[in-house]
>>> print(open('start-v1.cif').read())   # mmCIF, N, CA and C atoms
data_target
loop_
_atom_site.label_atom_id
_atom_site.label_comp_id
_atom_site.auth_asym_id
_atom_site.auth_seq_id
_atom_site.Cartn_x
_atom_site.Cartn_y
_atom_site.Cartn_z
N MET B 15 -68.91 -39.74 -33.45
CA MET B 15 -67.88 -40.57 -34.03
C MET B 15 -66.69 -40.59 -33.06
N LEU B 16 -66.19 -41.76 -32.82
CA LEU B 16 -64.99 -41.94 -32.01
C LEU B 16 -63.78 -41.89 -32.93
N VAL B 17 -62.81 -41.05 -32.60
CA VAL B 17 -61.58 -40.93 -33.40
C VAL B 17 -60.42 -41.40 -32.54
N LEU B 18 -59.67 -42.37 -33.06
CA LEU B 18 -58.53 -42.92 -32.34
C LEU B 18 -57.26 -42.76 -33.18
N THR B 19 -56.15 -42.60 -32.52
CA THR B 19 -54.86 -42.55 -33.19
C THR B 19 -54.16 -43.88 -32.97
N ARG B 20 -53.65 -44.47 -34.04
CA ARG B 20 -52.94 -45.74 -33.97
C ARG B 20 -51.66 -45.63 -34.77
N LYS B 21 -50.67 -46.39 -34.38
CA LYS B 21 -49.40 -46.47 -35.11
C LYS B 21 -49.32 -47.81 -35.80
N LEU B 22 -48.30 -47.96 -36.63
CA LEU B 22 -48.08 -49.20 -37.36
C LEU B 22 -48.09 -50.40 -36.41
N ASN B 23 -48.80 -51.44 -36.78
CA ASN B 23 -48.96 -52.69 -36.03
C ASN B 23 -49.81 -52.57 -34.77
N GLU B 24 -50.41 -51.42 -34.52
CA GLU B 24 -51.34 -51.29 -33.40
C GLU B 24 -52.74 -51.62 -33.90
N SER B 25 -53.62 -51.96 -32.95
CA SER B 25 -54.96 -52.44 -33.31
C SER B 25 -56.05 -51.67 -32.58
N ILE B 26 -57.25 -51.87 -33.06
CA ILE B 26 -58.47 -51.41 -32.40
C ILE B 26 -59.35 -52.65 -32.26
N GLN B 27 -59.90 -52.86 -31.09
CA GLN B 27 -60.77 -54.01 -30.83
C GLN B 27 -62.22 -53.52 -30.77
N ILE B 28 -63.10 -54.17 -31.51
CA ILE B 28 -64.53 -53.86 -31.49
C ILE B 28 -65.25 -55.08 -30.94
N GLY B 29 -65.81 -54.94 -29.76
CA GLY B 29 -66.46 -56.07 -29.12
C GLY B 29 -65.45 -57.18 -28.87
N ASP B 30 -65.94 -58.42 -28.79
CA ASP B 30 -65.07 -59.56 -28.54
C ASP B 30 -64.50 -60.16 -29.83
N ASP B 31 -65.11 -59.84 -30.98
CA ASP B 31 -64.84 -60.60 -32.19
C ASP B 31 -64.14 -59.86 -33.32
N ILE B 32 -64.04 -58.53 -33.25
CA ILE B 32 -63.52 -57.79 -34.40
C ILE B 32 -62.28 -57.00 -34.00
N GLU B 33 -61.20 -57.21 -34.76
CA GLU B 33 -59.96 -56.47 -34.54
C GLU B 33 -59.57 -55.78 -35.85
N ILE B 34 -59.24 -54.51 -35.76
CA ILE B 34 -58.76 -53.75 -36.91
C ILE B 34 -57.32 -53.36 -36.63
N LYS B 35 -56.41 -53.77 -37.53
CA LYS B 35 -54.98 -53.56 -37.30
C LYS B 35 -54.37 -52.72 -38.42
N ILE B 36 -53.50 -51.80 -38.06
CA ILE B 36 -52.78 -51.00 -39.04
C ILE B 36 -51.64 -51.86 -39.58
N ILE B 37 -51.69 -52.18 -40.87
CA ILE B 37 -50.73 -53.08 -41.49
C ILE B 37 -49.54 -52.32 -42.08
N SER B 38 -49.83 -51.21 -42.78
CA SER B 38 -48.73 -50.42 -43.34
C SER B 38 -49.20 -48.98 -43.56
N ILE B 39 -48.23 -48.09 -43.58
CA ILE B 39 -48.49 -46.67 -43.84
C ILE B 39 -47.49 -46.24 -44.90
N GLN B 40 -48.02 -45.75 -46.04
CA GLN B 40 -47.17 -45.28 -47.13
C GLN B 40 -47.71 -43.94 -47.60
N GLY B 41 -47.07 -42.86 -47.20
CA GLY B 41 -47.55 -41.53 -47.56
C GLY B 41 -48.91 -41.28 -46.96
N GLU B 42 -49.88 -40.98 -47.81
CA GLU B 42 -51.25 -40.72 -47.34
C GLU B 42 -52.11 -41.98 -47.34
N GLN B 43 -51.54 -43.12 -47.69
CA GLN B 43 -52.31 -44.37 -47.75
C GLN B 43 -52.01 -45.25 -46.55
N ILE B 44 -53.06 -45.78 -45.97
CA ILE B 44 -52.94 -46.69 -44.83
C ILE B 44 -53.60 -48.00 -45.19
N LYS B 45 -52.91 -49.10 -44.95
CA LYS B 45 -53.51 -50.42 -45.17
C LYS B 45 -53.93 -50.96 -43.82
N ILE B 46 -55.16 -51.45 -43.76
CA ILE B 46 -55.66 -52.02 -42.52
C ILE B 46 -56.04 -53.47 -42.75
N GLY B 47 -55.92 -54.26 -41.71
CA GLY B 47 -56.36 -55.65 -41.73
C GLY B 47 -57.52 -55.78 -40.75
N ILE B 48 -58.49 -56.59 -41.10
CA ILE B 48 -59.66 -56.77 -40.26
C ILE B 48 -59.83 -58.25 -39.96
N ASN B 49 -59.81 -58.61 -38.69
CA ASN B 49 -60.13 -59.96 -38.25
C ASN B 49 -61.53 -59.93 -37.69
N ALA B 50 -62.41 -60.72 -38.30
CA ALA B 50 -63.81 -60.76 -37.86
C ALA B 50 -64.37 -62.14 -38.19
N PRO B 51 -65.44 -62.54 -37.50
CA PRO B 51 -66.07 -63.81 -37.83
C PRO B 51 -66.54 -63.82 -39.29
N LYS B 52 -66.59 -65.01 -39.88
CA LYS B 52 -66.98 -65.13 -41.29
C LYS B 52 -68.40 -64.64 -41.56
N ASN B 53 -69.25 -64.65 -40.53
CA ASN B 53 -70.64 -64.22 -40.75
C ASN B 53 -70.79 -62.69 -40.73
N VAL B 54 -69.71 -61.97 -40.46
CA VAL B 54 -69.75 -60.51 -40.48
C VAL B 54 -69.32 -60.03 -41.87
N GLU B 55 -70.22 -59.34 -42.56
CA GLU B 55 -69.90 -58.82 -43.89
C GLU B 55 -69.07 -57.56 -43.74
N ILE B 56 -68.00 -57.48 -44.54
CA ILE B 56 -67.12 -56.31 -44.51
C ILE B 56 -66.98 -55.81 -45.94
N HIS B 57 -67.33 -54.56 -46.17
CA HIS B 57 -67.25 -53.95 -47.50
C HIS B 57 -66.67 -52.55 -47.39
N ARG B 58 -66.06 -52.10 -48.47
CA ARG B 58 -65.73 -50.67 -48.56
C ARG B 58 -67.05 -49.93 -48.60
N LYS B 59 -67.08 -48.70 -48.11
CA LYS B 59 -68.33 -47.94 -48.00
C LYS B 59 -69.05 -47.80 -49.34
N GLU B 60 -68.30 -47.50 -50.41
CA GLU B 60 -68.94 -47.31 -51.71
C GLU B 60 -69.56 -48.60 -52.22
N VAL B 61 -68.95 -49.74 -51.93
CA VAL B 61 -69.51 -51.03 -52.32
C VAL B 61 -70.77 -51.32 -51.50
N TYR B 62 -70.72 -51.05 -50.21
CA TYR B 62 -71.87 -51.25 -49.34
C TYR B 62 -73.07 -50.42 -49.82
N LEU B 63 -72.83 -49.15 -50.16
CA LEU B 63 -73.92 -48.29 -50.64
C LEU B 63 -74.50 -48.80 -51.96
N SER B 64 -73.64 -49.31 -52.83
CA SER B 64 -74.11 -49.87 -54.10
C SER B 64 -74.98 -51.11 -53.86
N ILE B 65 -74.58 -51.95 -52.93
CA ILE B 65 -75.38 -53.13 -52.59
C ILE B 65 -76.73 -52.71 -52.03
N GLN B 66 -76.73 -51.71 -51.15
CA GLN B 66 -77.98 -51.22 -50.57
C GLN B 66 -78.91 -50.68 -51.65
N GLU B 67 -78.35 -49.93 -52.59
CA GLU B 67 -79.15 -49.37 -53.69
C GLU B 67 -79.75 -50.48 -54.54
N SER B 68 -78.95 -51.50 -54.86
CA SER B 68 -79.46 -52.64 -55.64
C SER B 68 -80.56 -53.37 -54.89
N ASN B 69 -80.38 -53.55 -53.59
CA ASN B 69 -81.41 -54.22 -52.79
C ASN B 69 -82.70 -53.41 -52.76
N ASN B 70 -82.58 -52.09 -52.65
CA ASN B 70 -83.77 -51.24 -52.64
C ASN B 70 -84.50 -51.30 -53.98
N GLU B 71 -83.75 -51.32 -55.08
CA GLU B 71 -84.37 -51.42 -56.40
C GLU B 71 -85.09 -52.76 -56.55
N ALA B 72 -84.46 -53.83 -56.09
CA ALA B 72 -85.08 -55.15 -56.18
C ALA B 72 -86.34 -55.22 -55.32
N ALA B 73 -86.31 -54.58 -54.17
CA ALA B 73 -87.47 -54.60 -53.28
C ALA B 73 -88.63 -53.79 -53.84
N SER B 74 -88.33 -52.84 -54.72
CA SER B 74 -89.41 -52.02 -55.26
C SER B 74 -90.02 -52.62 -56.53
N THR B 75 -89.57 -53.81 -56.94
CA THR B 75 -90.15 -54.51 -58.08
C THR B 75 -91.59 -54.88 -57.74
N PRO B 76 -92.51 -54.69 -58.69
CA PRO B 76 -93.91 -55.01 -58.40
C PRO B 76 -94.09 -56.45 -57.91
N GLN B 77 -94.93 -56.61 -56.90
CA GLN B 77 -95.16 -57.93 -56.32
C GLN B 77 -95.79 -58.88 -57.34
N ASN B 78 -96.56 -58.34 -58.25
CA ASN B 78 -97.26 -59.18 -59.22
C ASN B 78 -96.49 -59.26 -60.55
N LEU B 79 -95.18 -59.09 -60.53
CA LEU B 79 -94.38 -59.10 -61.74
C LEU B 79 -94.54 -60.41 -62.51
N LEU B 80 -94.51 -61.53 -61.83
CA LEU B 80 -94.67 -62.82 -62.50
C LEU B 80 -96.01 -62.90 -63.21
N GLU B 81 -97.05 -62.45 -62.56
CA GLU B 81 -98.39 -62.46 -63.17
C GLU B 81 -98.43 -61.53 -64.39
N LEU B 82 -97.81 -60.37 -64.29
CA LEU B 82 -97.77 -59.44 -65.42
C LEU B 82 -97.03 -60.06 -66.61
N LEU B 83 -95.91 -60.72 -66.34
CA LEU B 83 -95.15 -61.36 -67.41
C LEU B 83 -95.93 -62.51 -68.03
N LYS B 84 -96.64 -63.27 -67.20
CA LYS B 84 -97.42 -64.39 -67.70
C LYS B 84 -98.52 -63.91 -68.64
N ASN B 85 -99.15 -62.80 -68.30
CA ASN B 85 -100.23 -62.24 -69.11
C ASN B 85 -99.72 -61.69 -70.45
N LYS B 86 -98.44 -61.29 -70.51
CA LYS B 86 -97.90 -60.70 -71.75
C LYS B 86 -97.32 -61.78 -72.66
N THR B 87 -97.12 -62.99 -72.16
CA THR B 87 -96.56 -64.07 -72.96
C THR B 87 -97.65 -64.64 -73.85
N PRO B 88 -97.39 -64.72 -75.18
CA PRO B 88 -98.40 -65.28 -76.08
C PRO B 88 -98.69 -66.74 -75.73
N LYS B 89 -99.96 -67.09 -75.79
CA LYS B 89 -100.36 -68.47 -75.49
C LYS B 89 -100.37 -69.26 -76.79
N PRO B 90 -99.88 -70.51 -76.72
CA PRO B 90 -99.80 -71.36 -77.94
C PRO B 90 -101.15 -71.76 -78.47
#
>>> encode(input="start-v1.cif", output="structure tokens")
Amino acid sequence: MLVLTRKLNESIQIGDDIEIKIISIQGEQIKIGINAPKNVEIHRKEVYLSIQESNNEAASTPQNLLELLKNKTPKP
């Protein structure tokens, strides 16, 4: 892990397209701004992990779920 020290209004550049800027510092809280292309998804870590968990659950759904549901539906 790379650890950098930044002051208010200073930035970190990631590649050519992503800039992370320190917007404000209040006590133990730091606000950051992120400039990145619209196609780059940016999430808080806990939200990202929740999305990953939901995706994994959806991927583990049986492939033949539609067929199973069709077989359980009463026929007229």
>>> resolve_selection(input="start-v1.cif", expression="the PyMOL selection byres (((chain B and resi 51-67 and name CA) around 12) and name CA)", output="MDAnalysis selection string")
chainID B and resid 28:34 46:50 68:74
>>> select_by_dssp(input="start-v1.cif", residues="chain B", states="helix (DSSP H, G or I)", output="list in words")
Lys59, Glu60, Val61, Tyr62, Leu63, Ser64, Ile65, Gln66, Glu67, Ser68, Asn69, Asn70, Glu71, Ala72, Ala73, Leu79, Leu80, Glu81, Leu82, Leu83, Lys84, Asn85 and Lys86 of chain B
>>> write_last_selection(input="start-v1.cif", atoms="N, CA and C atoms", output="compact mmCIF listing (two decimals), keeping the file's coordinate frame")
# COMPACT_ATOMS: atom_id res chain seq x y z
N LYS B 59 -67.08 -48.70 -48.11
CA LYS B 59 -68.33 -47.94 -48.00
C LYS B 59 -69.05 -47.80 -49.34
N GLU B 60 -68.30 -47.50 -50.41
CA GLU B 60 -68.94 -47.31 -51.71
C GLU B 60 -69.56 -48.60 -52.22
N VAL B 61 -68.95 -49.74 -51.93
CA VAL B 61 -69.51 -51.03 -52.32
C VAL B 61 -70.77 -51.32 -51.50
N TYR B 62 -70.72 -51.05 -50.21
CA TYR B 62 -71.87 -51.25 -49.34
C TYR B 62 -73.07 -50.42 -49.82
N LEU B 63 -72.83 -49.15 -50.16
CA LEU B 63 -73.92 -48.29 -50.64
C LEU B 63 -74.50 -48.80 -51.96
N SER B 64 -73.64 -49.31 -52.83
CA SER B 64 -74.11 -49.87 -54.10
C SER B 64 -74.98 -51.11 -53.86
N ILE B 65 -74.58 -51.95 -52.93
CA ILE B 65 -75.38 -53.13 -52.59
C ILE B 65 -76.73 -52.71 -52.03
N GLN B 66 -76.73 -51.71 -51.15
CA GLN B 66 -77.98 -51.22 -50.57
C GLN B 66 -78.91 -50.68 -51.65
N GLU B 67 -78.35 -49.93 -52.59
CA GLU B 67 -79.15 -49.37 -53.69
C GLU B 67 -79.75 -50.48 -54.54
N SER B 68 -78.95 -51.50 -54.86
CA SER B 68 -79.46 -52.64 -55.64
C SER B 68 -80.56 -53.37 -54.89
N ASN B 69 -80.38 -53.55 -53.59
CA ASN B 69 -81.41 -54.22 -52.79
C ASN B 69 -82.70 -53.41 -52.76
N ASN B 70 -82.58 -52.09 -52.65
CA ASN B 70 -83.77 -51.24 -52.64
C ASN B 70 -84.50 -51.30 -53.98
N GLU B 71 -83.75 -51.32 -55.08
CA GLU B 71 -84.37 -51.42 -56.40
C GLU B 71 -85.09 -52.76 -56.55
N ALA B 72 -84.46 -53.83 -56.09
CA ALA B 72 -85.08 -55.15 -56.18
C ALA B 72 -86.34 -55.22 -55.32
N ALA B 73 -86.31 -54.58 -54.17
CA ALA B 73 -87.47 -54.60 -53.28
C ALA B 73 -88.63 -53.79 -53.84
N LEU B 79 -95.18 -59.09 -60.53
CA LEU B 79 -94.38 -59.10 -61.74
C LEU B 79 -94.54 -60.41 -62.51
N LEU B 80 -94.51 -61.53 -61.83
CA LEU B 80 -94.67 -62.82 -62.50
C LEU B 80 -96.01 -62.90 -63.21
N GLU B 81 -97.05 -62.45 -62.56
CA GLU B 81 -98.39 -62.46 -63.17
C GLU B 81 -98.43 -61.53 -64.39
N LEU B 82 -97.81 -60.37 -64.29
CA LEU B 82 -97.77 -59.44 -65.42
C LEU B 82 -97.03 -60.06 -66.61
N LEU B 83 -95.91 -60.72 -66.34
CA LEU B 83 -95.15 -61.36 -67.41
C LEU B 83 -95.93 -62.51 -68.03
N LYS B 84 -96.64 -63.27 -67.20
CA LYS B 84 -97.42 -64.39 -67.70
C LYS B 84 -98.52 -63.91 -68.64
N ASN B 85 -99.15 -62.80 -68.30
CA ASN B 85 -100.23 -62.24 -69.11
C ASN B 85 -99.72 -61.69 -70.45
N LYS B 86 -98.44 -61.29 -70.51
CA LYS B 86 -97.90 -60.70 -71.75
C LYS B 86 -97.32 -61.78 -72.66
>>> residues_around(input="start-v1.cif", residues="range 19-21 of chain B", least_positions_apart="3", cutoff="7 Å", atoms="all atoms listed in the file", output="PDB file with N, CA and C atoms, keeping the file's coordinate frame")
ATOM      1  N   GLU B  24     -50.410 -51.420 -34.520  1.00  0.00           N
ATOM      2  CA  GLU B  24     -51.340 -51.290 -33.400  1.00  0.00           C
ATOM      3  C   GLU B  24     -52.740 -51.620 -33.900  1.00  0.00           C
ATOM      4  N   SER B  25     -53.620 -51.960 -32.950  1.00  0.00           N
ATOM      5  CA  SER B  25     -54.960 -52.440 -33.310  1.00  0.00           C
ATOM      6  C   SER B  25     -56.050 -51.670 -32.580  1.00  0.00           C
ATOM      7  N   ILE B  36     -53.500 -51.800 -38.060  1.00  0.00           N
ATOM      8  CA  ILE B  36     -52.780 -51.000 -39.040  1.00  0.00           C
ATOM      9  C   ILE B  36     -51.640 -51.860 -39.580  1.00  0.00           C
TER      10      ILE B  36
END
>>> atom_distance(input="start-v1.cif", atom1="CA of Leu22 in chain B", atom2="CA of Ile44 in chain B")
9.3 Å
>>> atom_distance(input="start-v1.cif", atom1="atom N of Ile37 in chain B", atom2="CA of Val17 in chain B")
16.7 Å
>>> atom_distance(input="start-v1.cif", atom1="CA of Gln43 in chain B", atom2="CA of Leu18 in chain B")
16.7 Å
>>> select_by_dssp(input="start-v1.cif", residues="range 17-88 of chain B", states="strand (DSSP E)", output="list in words")
Ser25, Ile26, Gln27, Ile28, Ile32, Glu33, Ile34, Lys35, Ile36, Ile37, Ser38, Ile39, Gln40, Gln43, Ile44, Lys45, Ile46, Gly47, Ile48 and Asn49 of chain B
>>> build_atoms(input="start-v1.cif", residues="range 50-72 of chain B", atoms="N, CA, C and O atoms", output="short mmCIF file (atom, residue, chain, number, x, y, z; two decimals), in the frame of the given file")
data_model
loop_
_atom_site.label_atom_id
_atom_site.label_comp_id
_atom_site.auth_asym_id
_atom_site.auth_seq_id
_atom_site.Cartn_x
_atom_site.Cartn_y
_atom_site.Cartn_z
N ALA B 50 -62.41 -60.72 -38.30
CA ALA B 50 -63.81 -60.76 -37.86
C ALA B 50 -64.37 -62.14 -38.19
O ALA B 50 -63.84 -62.84 -39.07
N PRO B 51 -65.44 -62.54 -37.50
CA PRO B 51 -66.07 -63.81 -37.83
C PRO B 51 -66.54 -63.82 -39.29
O PRO B 51 -66.85 -62.77 -39.86
N LYS B 52 -66.59 -65.01 -39.88
CA LYS B 52 -66.98 -65.13 -41.29
C LYS B 52 -68.40 -64.64 -41.56
O LYS B 52 -68.72 -64.24 -42.67
N ASN B 53 -69.25 -64.65 -40.53
CA ASN B 53 -70.64 -64.22 -40.75
C ASN B 53 -70.79 -62.69 -40.73
O ASN B 53 -71.87 -62.18 -41.00
N VAL B 54 -69.71 -61.97 -40.46
CA VAL B 54 -69.75 -60.51 -40.48
C VAL B 54 -69.32 -60.03 -41.87
O VAL B 54 -68.21 -60.31 -42.31
N GLU B 55 -70.22 -59.34 -42.56
CA GLU B 55 -69.90 -58.82 -43.89
C GLU B 55 -69.07 -57.56 -43.74
O GLU B 55 -69.38 -56.69 -42.94
N ILE B 56 -68.00 -57.48 -44.54
CA ILE B 56 -67.12 -56.31 -44.51
C ILE B 56 -66.98 -55.81 -45.94
O ILE B 56 -66.60 -56.57 -46.83
N HIS B 57 -67.33 -54.56 -46.17
CA HIS B 57 -67.25 -53.95 -47.50
C HIS B 57 -66.67 -52.55 -47.39
O HIS B 57 -66.82 -51.90 -46.36
N ARG B 58 -66.06 -52.10 -48.47
CA ARG B 58 -65.73 -50.67 -48.56
C ARG B 58 -67.05 -49.93 -48.60
O ARG B 58 -68.06 -50.44 -49.08
N LYS B 59 -67.08 -48.70 -48.11
CA LYS B 59 -68.33 -47.94 -48.00
C LYS B 59 -69.05 -47.80 -49.34
O LYS B 59 -70.26 -48.00 -49.44
N GLU B 60 -68.30 -47.50 -50.41
CA GLU B 60 -68.94 -47.31 -51.71
C GLU B 60 -69.56 -48.60 -52.22
O GLU B 60 -70.61 -48.59 -52.88
N VAL B 61 -68.95 -49.74 -51.93
CA VAL B 61 -69.51 -51.03 -52.32
C VAL B 61 -70.77 -51.32 -51.50
O VAL B 61 -71.79 -51.75 -52.04
N TYR B 62 -70.72 -51.05 -50.21
CA TYR B 62 -71.87 -51.25 -49.34
C TYR B 62 -73.07 -50.42 -49.82
O TYR B 62 -74.19 -50.92 -49.91
N LEU B 63 -72.83 -49.15 -50.16
CA LEU B 63 -73.92 -48.29 -50.64
C LEU B 63 -74.50 -48.80 -51.96
O LEU B 63 -75.71 -48.74 -52.17
N SER B 64 -73.64 -49.31 -52.83
CA SER B 64 -74.11 -49.87 -54.10
C SER B 64 -74.98 -51.11 -53.86
O SER B 64 -76.02 -51.28 -54.51
N ILE B 65 -74.58 -51.95 -52.93
CA ILE B 65 -75.38 -53.13 -52.59
C ILE B 65 -76.73 -52.71 -52.03
O ILE B 65 -77.77 -53.26 -52.41
N GLN B 66 -76.73 -51.71 -51.15
CA GLN B 66 -77.98 -51.22 -50.57
C GLN B 66 -78.91 -50.68 -51.65
O GLN B 66 -80.11 -50.95 -51.64
N GLU B 67 -78.35 -49.93 -52.59
CA GLU B 67 -79.15 -49.37 -53.69
C GLU B 67 -79.75 -50.48 -54.54
O GLU B 67 -80.93 -50.44 -54.89
N SER B 68 -78.95 -51.50 -54.86
CA SER B 68 -79.46 -52.64 -55.64
C SER B 68 -80.56 -53.37 -54.89
O SER B 68 -81.57 -53.76 -55.49
N ASN B 69 -80.38 -53.55 -53.59
CA ASN B 69 -81.41 -54.22 -52.79
C ASN B 69 -82.70 -53.41 -52.76
O ASN B 69 -83.80 -53.97 -52.85
N ASN B 70 -82.58 -52.09 -52.65
CA ASN B 70 -83.77 -51.24 -52.64
C ASN B 70 -84.50 -51.30 -53.98
O ASN B 70 -85.73 -51.33 -54.02
N GLU B 71 -83.75 -51.32 -55.08
CA GLU B 71 -84.37 -51.42 -56.40
C GLU B 71 -85.09 -52.76 -56.55
O GLU B 71 -86.20 -52.81 -57.06
N ALA B 72 -84.46 -53.83 -56.09
CA ALA B 72 -85.08 -55.15 -56.18
C ALA B 72 -86.34 -55.22 -55.32
O ALA B 72 -87.33 -55.83 -55.72
#
